[in-house]
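Visitor: Input file: protein-v7.tsv. Contents: TSV, C-alpha atoms.
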```
chain	number	residue	atom	x	y	z
C	653	MET	CA	-31.95	7.72	1.31
C	654	THR	CA	-29.34	6.33	-1.09
C	655	HIS	CA	-25.77	7.45	-0.61
C	656	THR	CA	-22.78	7.13	-2.89
C	657	VAL	CA	-19.68	5.46	-1.52
C	658	THR	CA	-16.51	7.51	-1.98
C	659	ILE	CA	-12.91	6.57	-1.25
C	660	PRO	CA	-11.08	9.51	0.31
C	661	PRO	CA	-7.64	10.03	-1.18
C	662	GLU	CA	-4.71	9.10	1.00
C	663	TRP	CA	-3.75	12.76	1.44
C	664	ALA	CA	-7.13	13.59	3.04
C	665	PRO	CA	-7.21	14.06	6.85
C	666	GLN	CA	-6.88	10.77	8.70
C	667	LYS	CA	-8.23	9.53	12.01
C	668	ALA	CA	-5.67	6.74	12.34
C	669	ILE	CA	-3.11	4.62	10.55
C	670	TRP	CA	-3.49	0.87	11.04
C	671	THR	CA	-0.46	-1.42	10.78
C	672	ALA	CA	0.79	-4.68	12.30
C	673	TRP	CA	3.83	-6.03	14.13
C	674	PRO	CA	5.74	-8.96	12.57
C	675	ALA	CA	4.90	-11.95	14.75
C	676	ALA	CA	5.49	-15.21	12.84
C	677	ALA	CA	9.20	-15.99	12.44
C	678	GLU	CA	8.51	-18.63	9.79
C	679	GLN	CA	7.18	-15.87	7.51
C	680	TRP	CA	10.50	-14.02	7.76
C	681	ASN	CA	13.14	-16.73	7.26
C	682	GLY	CA	13.44	-16.94	11.04
C	683	ASP	CA	14.49	-13.28	11.31
C	684	LEU	CA	11.90	-11.09	13.00
C	685	ALA	CA	14.39	-8.45	14.12
C	686	SER	CA	14.90	-6.94	10.64
C	687	PRO	CA	11.25	-6.30	9.70
C	688	ARG	CA	10.51	-5.20	13.26
C	689	ARG	CA	13.20	-2.51	13.00
C	690	ASP	CA	11.53	-1.16	9.87
C	691	VAL	CA	8.02	-1.22	11.34
C	692	ALA	CA	9.23	0.49	14.51
C	693	ALA	CA	10.94	3.20	12.45
C	694	LEU	CA	7.76	3.74	10.44
C	695	VAL	CA	5.65	4.02	13.60
C	696	ARG	CA	8.11	6.49	15.15
C	697	ALA	CA	8.01	8.68	12.05
C	698	LEU	CA	4.21	8.66	11.94
C	699	ALA	CA	3.87	9.36	15.66
C	700	ALA	CA	6.42	12.18	15.53
C	701	ALA	CA	4.20	13.90	12.95
C	702	GLY	CA	1.22	13.66	15.31
C	703	ASN	CA	-0.52	10.65	13.79
C	704	ARG	CA	-2.53	8.12	15.76
C	705	VAL	CA	-1.12	4.65	15.05
C	706	ARG	CA	-3.10	1.52	15.89
C	707	LEU	CA	-0.62	-1.36	15.83
C	708	LEU	CA	-2.00	-4.90	15.72
C	709	VAL	CA	-0.04	-7.42	17.79
C	710	ASN	CA	-0.55	-11.16	17.45
C	711	GLY	CA	0.25	-13.00	20.69
C	712	ASP	CA	1.98	-12.19	23.96
C	713	GLU	CA	5.53	-12.13	22.57
C	714	ALA	CA	4.58	-9.75	19.77
C	715	ASP	CA	2.76	-7.52	22.22
C	716	ALA	CA	5.69	-7.37	24.62
C	717	SER	CA	8.30	-6.79	21.92
C	718	ALA	CA	6.24	-4.04	20.27
C	719	ARG	CA	5.67	-2.25	23.55
C	720	ALA	CA	9.38	-2.46	24.37
C	721	ALA	CA	10.40	-1.11	20.96
C	722	LEU	CA	7.89	1.76	21.02
C	723	ARG	CA	7.82	2.64	24.71
C	724	GLY	CA	6.94	6.25	25.42
C	725	LEU	CA	5.56	7.13	21.98
C	726	ALA	CA	2.45	9.27	22.19
C	727	GLY	CA	-0.48	8.28	20.03
C	728	VAL	CA	0.60	4.65	19.54
C	729	GLU	CA	-1.79	1.90	20.66
C	730	CYS	CA	-0.97	-1.82	20.63
C	731	VAL	CA	-4.13	-3.74	19.75
C	732	PRO	CA	-4.33	-7.54	20.20
C	733	ALA	CA	-5.49	-9.26	17.01
C	734	ARG	CA	-4.95	-12.40	14.97
C	735	TYR	CA	-3.42	-12.16	11.50
C	736	GLY	CA	-1.37	-14.34	9.21
C	737	ASP	CA	1.17	-11.69	8.29
C	738	ILE	CA	1.37	-7.90	8.34
C	739	TRP	CA	0.14	-6.95	4.84
C	740	LEU	CA	-2.89	-4.98	6.01
C	741	ARG	CA	-3.18	-2.99	2.79
C	742	ASP	CA	-4.44	-6.21	1.21
C	743	THR	CA	-6.02	-8.11	4.10
C	744	GLY	CA	-7.52	-5.17	5.97
C	745	PRO	CA	-10.65	-3.26	4.99
C	746	ILE	CA	-10.69	-0.38	2.55
C	747	PHE	CA	-12.23	2.51	4.48
C	748	ALA	CA	-14.76	4.59	2.59
C	749	ARG	CA	-17.27	7.35	3.30
C	750	ASP	CA	-21.00	6.97	2.77
C	751	GLY	CA	-23.42	9.70	3.72
C	752	GLY	CA	-21.10	11.17	6.34
C	753	ARG	CA	-20.25	7.80	7.89
C	754	THR	CA	-17.09	5.73	7.64
C	755	VAL	CA	-17.71	2.24	6.29
C	756	ALA	CA	-15.33	-0.69	5.89
C	757	LEU	CA	-15.36	-2.35	2.48
C	758	ARG	CA	-14.54	-6.03	2.75
C	759	PHE	CA	-13.57	-8.25	-0.14
C	760	ALA	CA	-12.77	-11.92	-0.55
C	761	THR	CA	-9.14	-12.95	-0.24
C	762	ASN	CA	-7.44	-15.88	-1.92
C	763	SER	CA	-3.90	-15.38	-0.63
C	764	TRP	CA	-2.60	-13.39	-3.61
C	765	GLY	CA	-3.68	-15.96	-6.12
C	766	GLY	CA	-3.09	-18.93	-3.83
C	767	LYS	CA	0.58	-18.20	-3.16
C	768	PHE	CA	0.58	-17.39	0.58
C	769	ASP	CA	-2.28	-19.10	2.40
C	770	LEU	CA	-1.94	-17.93	6.01
C	771	PRO	CA	-4.33	-18.40	8.94
C	772	ASP	CA	-6.39	-15.39	9.97
C	773	ASP	CA	-5.62	-13.28	6.89
C	774	ALA	CA	-9.22	-13.80	5.79
C	775	THR	CA	-10.64	-12.50	9.07
C	776	VAL	CA	-8.31	-9.70	10.21
C	777	GLY	CA	-10.16	-7.21	8.01
C	778	ASP	CA	-13.36	-7.83	9.95
C	779	ASP	CA	-11.45	-7.35	13.20
C	780	VAL	CA	-10.02	-4.01	12.06
C	781	ALA	CA	-13.49	-2.86	10.98
C	782	ARG	CA	-14.93	-3.85	14.36
C	783	LEU	CA	-12.12	-2.11	16.25
C	784	ALA	CA	-12.73	1.01	14.15
C	785	ALA	CA	-16.47	0.78	14.85
C	786	ALA	CA	-17.16	0.91	11.11
C	787	ASP	CA	-20.08	-0.82	9.40
C	788	ILE	CA	-18.94	-3.58	7.06
C	789	ARG	CA	-19.99	-3.75	3.40
C	790	ARG	CA	-19.16	-7.15	1.85
C	791	PHE	CA	-18.37	-7.98	-1.74
C	792	PRO	CA	-17.96	-11.52	-3.08
C	793	PHE	CA	-14.93	-10.95	-5.31
C	794	VAL	CA	-11.19	-10.87	-4.61
C	795	LEU	CA	-9.66	-7.41	-4.33
C	796	GLU	CA	-6.46	-6.39	-2.56
C	797	GLY	CA	-6.03	-2.80	-1.42
C	798	GLY	CA	-2.55	-2.55	-2.94
C	799	ALA	CA	-4.00	-3.40	-6.36
C	800	ILE	CA	-5.80	-0.05	-6.66
C	801	ASP	CA	-4.98	3.61	-6.10
C	802	HIS	CA	-7.52	6.46	-5.86
C	803	ASP	CA	-7.58	10.17	-6.61
C	804	GLY	CA	-10.59	10.86	-4.35
C	805	GLU	CA	-12.68	11.92	-7.33
C	806	GLY	CA	-13.58	8.54	-8.80
C	807	THR	CA	-10.44	7.75	-10.78
C	808	VAL	CA	-8.76	4.42	-10.06
C	809	LEU	CA	-5.31	3.26	-11.10
C	810	THR	CA	-4.70	-0.48	-11.39
C	811	THR	CA	-2.85	-3.14	-13.39
C	812	ARG	CA	-4.10	-5.78	-15.77
C	813	GLN	CA	-1.48	-8.14	-14.36
C	814	THR	CA	-3.31	-8.20	-11.01
C	815	LEU	CA	-6.98	-7.53	-11.64
C	816	LEU	CA	-7.30	-9.58	-14.83
C	817	ASN	CA	-5.10	-12.42	-13.59
C	818	PRO	CA	-6.82	-15.82	-13.84
C	819	ASN	CA	-5.61	-16.53	-10.30
C	820	ARG	CA	-7.91	-13.83	-8.91
C	821	ASN	CA	-11.43	-13.50	-10.36
C	822	GLY	CA	-10.94	-14.43	-14.00
C	823	TRP	CA	-12.38	-11.06	-14.99
C	824	SER	CA	-12.45	-9.39	-18.36
C	825	GLU	CA	-11.57	-5.71	-18.34
C	826	ALA	CA	-15.24	-4.76	-18.59
C	827	GLU	CA	-16.16	-7.06	-15.69
C	828	ALA	CA	-13.39	-5.58	-13.55
C	829	GLU	CA	-14.53	-2.03	-14.26
C	830	ALA	CA	-18.13	-2.92	-13.41
C	831	ALA	CA	-17.01	-4.40	-10.07
C	832	LEU	CA	-14.94	-1.30	-9.23
C	833	ARG	CA	-17.90	0.94	-10.07
C	834	SER	CA	-20.26	-1.00	-7.84
C	835	ALA	CA	-17.92	-1.36	-4.85
C	836	LEU	CA	-15.76	1.76	-4.95
C	837	GLY	CA	-17.79	4.28	-6.89
C	838	ALA	CA	-15.14	4.30	-9.62
C	839	ARG	CA	-15.99	6.56	-12.55
C	840	LYS	CA	-12.81	6.00	-14.55
C	841	VAL	CA	-10.24	3.19	-14.47
C	842	ILE	CA	-6.74	3.78	-15.81
C	843	TRP	CA	-5.04	0.53	-16.73
C	844	ILE	CA	-1.31	-0.18	-16.48
C	845	ASP	CA	-0.17	-3.44	-18.04
C	846	GLU	CA	2.24	-4.86	-15.47
C	847	GLY	CA	4.26	-4.22	-12.34
C	848	LEU	CA	7.81	-4.84	-11.17
C	849	ASP	CA	9.86	-7.95	-11.79
C	850	GLY	CA	9.73	-10.32	-8.83
C	851	ASP	CA	6.65	-8.78	-7.22
C	852	HIS	CA	4.89	-11.45	-5.12
C	853	THR	CA	1.56	-9.70	-5.65
C	854	ASP	CA	1.47	-10.03	-9.45
C	855	GLY	CA	2.08	-6.36	-10.11
C	856	HIS	CA	0.31	-4.24	-7.49
C	857	ILE	CA	-0.11	-0.62	-8.52
C	858	ASP	CA	1.15	0.77	-5.21
C	859	ASN	CA	4.67	-0.30	-6.13
C	860	ILE	CA	4.74	1.50	-9.48
C	861	ALA	CA	2.40	4.53	-9.74
C	862	ARG	CA	0.52	6.68	-7.25
C	863	PHE	CA	-1.84	9.63	-7.26
C	864	THR	CA	-0.51	12.60	-5.30
C	865	ALA	CA	-3.39	14.99	-6.08
C	866	PRO	CA	-6.34	15.02	-8.48
C	867	GLY	CA	-4.88	14.93	-11.96
C	868	LYS	CA	-1.33	14.26	-10.75
C	869	VAL	CA	0.58	10.98	-10.55
C	870	VAL	CA	4.12	9.90	-9.77
C	871	CYS	CA	5.97	6.96	-11.22
C	872	GLN	CA	9.61	5.97	-11.51
C	873	ALA	CA	12.35	6.39	-14.09
C	874	PRO	CA	14.91	3.65	-14.78
C	875	ALA	CA	18.17	3.77	-12.83
C	876	GLY	CA	20.98	2.75	-15.13
C	877	GLU	CA	21.34	0.38	-18.05
C	878	ASP	CA	21.04	-2.69	-15.83
C	879	ASP	CA	17.66	-1.72	-14.38
C	880	PRO	CA	15.58	-4.91	-14.84
C	881	ASN	CA	12.37	-2.84	-14.96
C	882	ALA	CA	13.54	-0.18	-17.42
C	883	ARG	CA	11.12	-1.16	-20.19
C	884	THR	CA	8.24	-1.55	-17.74
C	885	LEU	CA	8.86	1.83	-16.09
C	886	ASP	CA	8.99	3.63	-19.43
C	887	ALA	CA	5.77	1.92	-20.55
C	888	ILE	CA	4.05	3.01	-17.33
C	889	ALA	CA	5.04	6.63	-17.88
C	890	THR	CA	3.88	6.50	-21.50
C	891	THR	CA	0.49	5.05	-20.55
C	892	LEU	CA	-0.05	7.61	-17.79
C	893	GLY	CA	1.00	10.46	-20.06
C	894	ARG	CA	-1.76	9.55	-22.50
C	895	ALA	CA	-4.44	9.03	-19.84
C	896	THR	CA	-7.24	11.28	-18.66
C	897	ASP	CA	-9.01	11.07	-15.32
C	898	ALA	CA	-12.71	10.97	-14.40
C	899	ALA	CA	-12.91	14.76	-14.77
C	900	GLY	CA	-11.42	14.60	-18.27
C	901	ARG	CA	-8.05	16.08	-17.27
C	902	ARG	CA	-4.90	14.79	-18.89
C	903	LEU	CA	-2.66	13.54	-16.11
C	904	ASP	CA	0.36	15.50	-14.97
C	905	VAL	CA	3.02	12.78	-14.69
C	906	VAL	CA	6.05	13.27	-12.45
C	907	ARG	CA	8.85	10.73	-12.68
C	908	ILE	CA	11.18	10.23	-9.76
C	909	PRO	CA	14.39	8.20	-9.73
C	910	GLY	CA	13.79	4.48	-9.45
C	911	VAL	CA	15.75	2.16	-7.19
C	912	GLY	CA	17.21	0.19	-10.08
C	913	ARG	CA	18.59	-3.33	-9.81
C	914	TYR	CA	18.35	-4.37	-6.18
C	915	LEU	CA	19.50	-7.81	-5.05
C	916	ASP	CA	18.24	-9.35	-1.83
C	917	ALA	CA	20.23	-11.44	0.64
C	918	ARG	CA	19.89	-14.43	-1.67
C	919	GLY	CA	21.20	-12.53	-4.66
C	920	GLU	CA	17.79	-12.41	-6.32
C	921	THR	CA	16.22	-9.36	-7.96
C	922	SER	CA	13.76	-7.72	-5.56
C	923	PRO	CA	10.84	-5.34	-6.25
C	924	ALA	CA	12.37	-2.46	-4.26
C	925	SER	CA	10.46	0.74	-4.97
C	926	HIS	CA	10.26	4.30	-3.68
C	927	MET	CA	6.59	4.28	-4.79
C	928	ASN	CA	5.50	2.23	-1.80
C	929	PHE	CA	5.28	5.33	0.39
C	930	ILE	CA	2.54	6.04	2.92
C	931	VAL	CA	0.89	9.46	3.03
C	932	ALA	CA	-0.27	10.45	6.51
C	933	ASN	CA	-1.14	13.63	8.37
C	934	GLY	CA	1.82	15.97	7.98
C	935	ILE	CA	4.23	13.38	6.59
C	936	VAL	CA	5.07	11.06	3.72
C	937	VAL	CA	7.16	8.04	4.75
C	938	VAL	CA	9.20	6.77	1.81
C	939	PRO	CA	10.95	3.39	1.69
C	940	VAL	CA	14.69	3.65	1.04
C	941	TYR	CA	17.29	0.97	0.53
C	942	GLY	CA	20.66	2.65	0.76
C	943	THR	CA	20.84	3.06	-3.03
C	944	PRO	CA	22.20	6.03	-5.02
C	945	SER	CA	18.60	6.90	-6.00
C	946	GLU	CA	17.65	7.81	-2.44
C	947	PRO	CA	18.55	11.54	-2.17
C	948	ALA	CA	17.10	12.53	-5.53
C	949	ALA	CA	13.94	10.48	-4.99
C	950	LEU	CA	13.27	12.12	-1.63
C	951	ALA	CA	13.94	15.58	-3.06
C	952	ALA	CA	11.55	14.95	-5.96
C	953	LEU	CA	8.80	13.71	-3.65
C	954	GLY	CA	9.36	16.74	-1.43
C	955	LYS	CA	8.35	18.94	-4.37
C	956	VAL	CA	5.27	16.79	-5.01
C	957	PHE	CA	4.16	17.00	-1.38
C	958	PRO	CA	5.13	20.57	-0.39
C	959	GLY	CA	2.89	20.68	2.67
C	960	ARG	CA	4.29	17.54	4.27
C	961	LYS	CA	7.60	16.36	5.62
C	962	VAL	CA	9.07	13.67	3.36
C	963	ALA	CA	11.00	11.14	5.43
C	964	GLY	CA	13.11	8.32	4.04
C	965	VAL	CA	13.03	5.22	6.25
C	966	SER	CA	14.90	1.99	5.60
C	967	SER	CA	12.71	-0.81	4.30
C	968	ARG	CA	15.32	-3.46	3.60
C	969	GLY	CA	14.01	-5.71	6.36
C	970	LEU	CA	10.45	-5.58	5.03
C	971	LEU	CA	11.64	-6.28	1.50
C	972	GLY	CA	13.18	-9.49	2.81
C	973	ALA	CA	14.35	-12.33	0.60
C	974	GLY	CA	12.81	-15.33	-1.10
C	975	ASP	CA	9.18	-15.83	-0.09
C	976	ALA	CA	9.66	-13.64	3.01
C	977	GLY	CA	8.66	-9.99	2.86
C	978	GLY	CA	8.42	-8.52	-0.61
C	979	GLY	CA	6.70	-5.26	0.29
C	980	SER	CA	7.10	-2.02	2.17
C	981	PHE	CA	5.27	0.70	4.11
C	982	HIS	CA	2.18	1.09	1.95
C	983	CYS	CA	1.73	-2.68	1.90
C	984	ILE	CA	1.60	-2.92	5.70
C	985	THR	CA	-0.68	0.05	6.43
C	986	GLN	CA	-4.28	1.12	5.96
C	987	GLN	CA	-5.50	4.64	6.63
C	988	GLU	CA	-8.78	5.34	8.39
C	989	PRO	CA	-10.21	8.69	7.20
C	990	ALA	CA	-11.24	11.42	9.58
C	991	ALA	CA	-14.94	12.01	10.07
```
Would you give me this structure, written as structure tokens?

Guide:
Amino acid sequence: MTHTVTIPPEWAPQKAIWTAWPAAAEQWNGDLASPRRDVAALVRALAAAGNRVRLLVNGDEADASARAALRGLAGVECVPARYGDIWLRDTGPIFARDGGRTVALRFATNSWGGKFDLPDDATVGDDVARLAAADIRRFPFVLEGGAIDHDGEGTVLTTRQTLLNPNRNGWSEAEAEAALRSALGARKVIWIDEGLDGDHTDGHIDNIARFTAPGKVVCQAPAGEDDPNARTLDAIATTLGRATDAAGRRLDVVRIPGVGRYLDARGETSPASHMNFIVANGIVVVPVYGTPSEPAALAALGKVFPGRKVAGVSSRGLLGAGDAGGGSFHCITQQEPAA
């Protein structure tokens, strides 16, 4: 019997959330304490909402420090594993459903276009699949989980800046759509041109626009005249407002306040975004940065997700500076759907 692979939306019931503990100081400018504070706060928020969290730990020191930081939390399991860094959205498997079974879709990785070549990033996805007892389906092309977003009904959001980048597969738009159909069961692809200024990933969609329900997306509005992404954010909203999904519905587009100009510890513009939230059972964990946008962004997302608690958690340590960090909570997690 032939089954059709489907990608459950992030708001569907979940069996577990997978994430990882920062373990390599050289990946964090020698400062592991800051990203570890953010990861610990994320895990606490998820566990408090009743989620099962499976936290990868690389080495004895990482294991001991994670257990010390999270001692006493119900539903949190530290799992020994090898990984280059913690960006499991991109290096882990994409979990899908096929004929009532959970399968792990595995893609090639080329270190975000050759920028961050780290040991074990190419194999951690297999380890997660094995630990989840999910059959692996392999595909020969490069695809990072943060480059795509799903509505659960066959509509995929993505950016040309990532998927059509010569540093990935060298695809045309038609070739990319054919690959997404074959691997993900995509029936409609909605294309955004580009992502945020300074994004290490070449414009991943999970930092700029997200489905919150079939036919409904959120994106950001510029924050002030000095917002370096003002033109990009307005273009995203315009594109989404003209788009229809796989069912032929015109998208309902909700704009929330953007972070605006955010400078890291080196004084460089960083891709800080409230869009990099993680949706889990009973909760949405939203990255915040101590900016004026925070209260209004959380309030707006609370209206979008009325059945879940919306919790703002600091992500300044994960955002990092220079080559370190650059992402947030969605980038470091991968949800495993419930059976």

Visitor: By how many Å are CA of Ala664 in chain C and CA of Ala991 in chain C apart?

Guide: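 Distance reported for this atom pair: 10.6 Å.
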
Visitor: Using all atoms listed in the file, give me every residue within 7 Å of (0.4, -4.7, 4.7) in file coordinates, as a list in words.

Guide: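 Checking each residue against the 7 Å limit leaves Thr671, Ile738, Trp739, Leu740, Arg741, Asp742, His982, Cys983, Ile984 and Thr985 of chain C.
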
Visitor: Which is closer to Glu678 in chain C than all the others in C:Ser945, C:Leu770, C:His926, C:Ile908, using only C-alpha atoms?

Guide: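 The answer is C:Leu770, which sits nearest to Glu678 in chain C.
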
Visitor: Applying 12 Å and only C-alpha atoms, which residues near range 834-840 of chain C remain after dropping the ones on its own chain fewer than 3 positions away? List them as a ChimeraX atom specification.

Guide: /C:655-660,746-750,755-759,789-795,797,800-810,826-831,843,895-901

Visitor: Considering only C-alpha atoms, can you say which of C:Asn710, C:Asn933, C:Thr943, C:Thr884 comes closest to Gly912 in chain C?

Guide: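 That would be C:Thr943, the residue with the smallest distance to Gly912 in chain C.
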
Visitor: Write out as number ranges by chain each polymer residue whose atoms come within 12 Å of Tyr941 in chain C, counting only C-alpha atoms; drop sequence neighbours fewer than 3 positions from it.

Guide: C: 690, 910-916, 922-926, 938, 944-947, 949, 964-972, 980

Visitor: Write out, as a PDB file, in the coordinates of the input, the residues just selected, with C-alpha atoms.

Guide:
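For reference, out-v7.pdb as written:
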```
ATOM      1  CA  ASP C 690      11.530  -1.160   9.870  1.00  0.00           C
ATOM      2  CA  GLY C 910      13.790   4.480  -9.450  1.00  0.00           C
ATOM      3  CA  VAL C 911      15.750   2.160  -7.190  1.00  0.00           C
ATOM      4  CA  GLY C 912      17.210   0.190 -10.080  1.00  0.00           C
ATOM      5  CA  ARG C 913      18.590  -3.330  -9.810  1.00  0.00           C
ATOM      6  CA  TYR C 914      18.350  -4.370  -6.180  1.00  0.00           C
ATOM      7  CA  LEU C 915      19.500  -7.810  -5.050  1.00  0.00           C
ATOM      8  CA  ASP C 916      18.240  -9.350  -1.830  1.00  0.00           C
ATOM      9  CA  SER C 922      13.760  -7.720  -5.560  1.00  0.00           C
ATOM     10  CA  PRO C 923      10.840  -5.340  -6.250  1.00  0.00           C
ATOM     11  CA  ALA C 924      12.370  -2.460  -4.260  1.00  0.00           C
ATOM     12  CA  SER C 925      10.460   0.740  -4.970  1.00  0.00           C
ATOM     13  CA  HIS C 926      10.260   4.300  -3.680  1.00  0.00           C
ATOM     14  CA  VAL C 938       9.200   6.770   1.810  1.00  0.00           C
ATOM     15  CA  PRO C 944      22.200   6.030  -5.020  1.00  0.00           C
ATOM     16  CA  SER C 945      18.600   6.900  -6.000  1.00  0.00           C
ATOM     17  CA  GLU C 946      17.650   7.810  -2.440  1.00  0.00           C
ATOM     18  CA  PRO C 947      18.550  11.540  -2.170  1.00  0.00           C
ATOM     19  CA  ALA C 949      13.940  10.480  -4.990  1.00  0.00           C
ATOM     20  CA  GLY C 964      13.110   8.320   4.040  1.00  0.00           C
ATOM     21  CA  VAL C 965      13.030   5.220   6.250  1.00  0.00           C
ATOM     22  CA  SER C 966      14.900   1.990   5.600  1.00  0.00           C
ATOM     23  CA  SER C 967      12.710  -0.810   4.300  1.00  0.00           C
ATOM     24  CA  ARG C 968      15.320  -3.460   3.600  1.00  0.00           C
ATOM     25  CA  GLY C 969      14.010  -5.710   6.360  1.00  0.00           C
ATOM     26  CA  LEU C 970      10.450  -5.580   5.030  1.00  0.00           C
ATOM     27  CA  LEU C 971      11.640  -6.280   1.500  1.00  0.00           C
ATOM     28  CA  GLY C 972      13.180  -9.490   2.810  1.00  0.00           C
ATOM     29  CA  SER C 980       7.100  -2.020   2.170  1.00  0.00           C
TER      30      SER C 980
END
```

Visitor: For each of C:Ala799, C:Ala882, C:Leu684, C:Val931, take the minimum atom-to-atom distance to Gln666 in chain C, counting all atoms listed in the file, then give the residue where this is smallest.

Guide: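 Nearest to Gln666 in chain C: C:Val931.
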
Visitor: Could you tell me how far CA of Arg820 in chain C lies from CA of Lys767 in chain C, in Å and to one decimal?

Guide: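 The value is 11.1 Å.
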
Visitor: Work out how far CA of Gly822 in chain C is from CA of Arg894 in chain C, in Å to one decimal.

Guide: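 Calculated distance between CA of Arg894 in chain C and CA of Gly822 in chain C is 27.0 Å.
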
Visitor: Let me make sure I understand: among C:Val906, C:Ala932, C:Ile842, C:Ala676, which one has the smallest atom-to-atom distance to Ala700 in chain C if we use only C-alpha atoms?

Guide: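 Closest to Ala700 in chain C, using only C-alpha atoms: C:Ala932.
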
Visitor: Considering all atoms listed in the file, state which residue in the set C:Thr775, C:Pro939, C:Asn681, C:Ala675 is at the smallest distance from Leu694 in chain C.

Guide: C:Pro939

Visitor: Quick one: range 663-686 of chain C from the block, C-alpha atoms, as a PDB file, in the first residue's frame.

Guide:
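Output contents, as saved in result-v5.pdb:
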```
ATOM      1  CA  TRP C 663       0.358  23.288  16.667  1.00  0.00           C
ATOM      2  CA  ALA C 664      -0.704  19.620  16.367  1.00  0.00           C
ATOM      3  CA  PRO C 665      -0.307  17.410  19.484  1.00  0.00           C
ATOM      4  CA  GLN C 666       3.312  16.551  20.179  1.00  0.00           C
ATOM      5  CA  LYS C 667       4.992  13.538  21.726  1.00  0.00           C
ATOM      6  CA  ALA C 668       8.209  15.393  22.556  1.00  0.00           C
ATOM      7  CA  ILE C 669      10.302  18.460  21.899  1.00  0.00           C
ATOM      8  CA  TRP C 670      13.935  17.779  21.011  1.00  0.00           C
ATOM      9  CA  THR C 671      16.615  20.362  21.762  1.00  0.00           C
ATOM     10  CA  ALA C 672      20.313  20.454  22.704  1.00  0.00           C
ATOM     11  CA  TRP C 673      22.568  21.890  25.394  1.00  0.00           C
ATOM     12  CA  PRO C 674      25.367  24.279  24.341  1.00  0.00           C
ATOM     13  CA  ALA C 675      28.564  22.277  24.764  1.00  0.00           C
ATOM     14  CA  ALA C 676      31.363  23.760  22.623  1.00  0.00           C
ATOM     15  CA  ALA C 677      32.709  27.022  24.075  1.00  0.00           C
ATOM     16  CA  GLU C 678      34.508  27.887  20.838  1.00  0.00           C
ATOM     17  CA  GLN C 679      31.117  28.145  19.112  1.00  0.00           C
ATOM     18  CA  TRP C 680      30.006  30.788  21.620  1.00  0.00           C
ATOM     19  CA  ASN C 681      32.973  33.181  21.856  1.00  0.00           C
ATOM     20  CA  GLY C 682      34.073  31.289  24.960  1.00  0.00           C
ATOM     21  CA  ASP C 683      30.822  32.088  26.787  1.00  0.00           C
ATOM     22  CA  LEU C 684      28.631  29.049  27.373  1.00  0.00           C
ATOM     23  CA  ALA C 685      26.806  30.541  30.356  1.00  0.00           C
ATOM     24  CA  SER C 686      24.673  32.960  28.305  1.00  0.00           C
TER      25      SER C 686
END
```
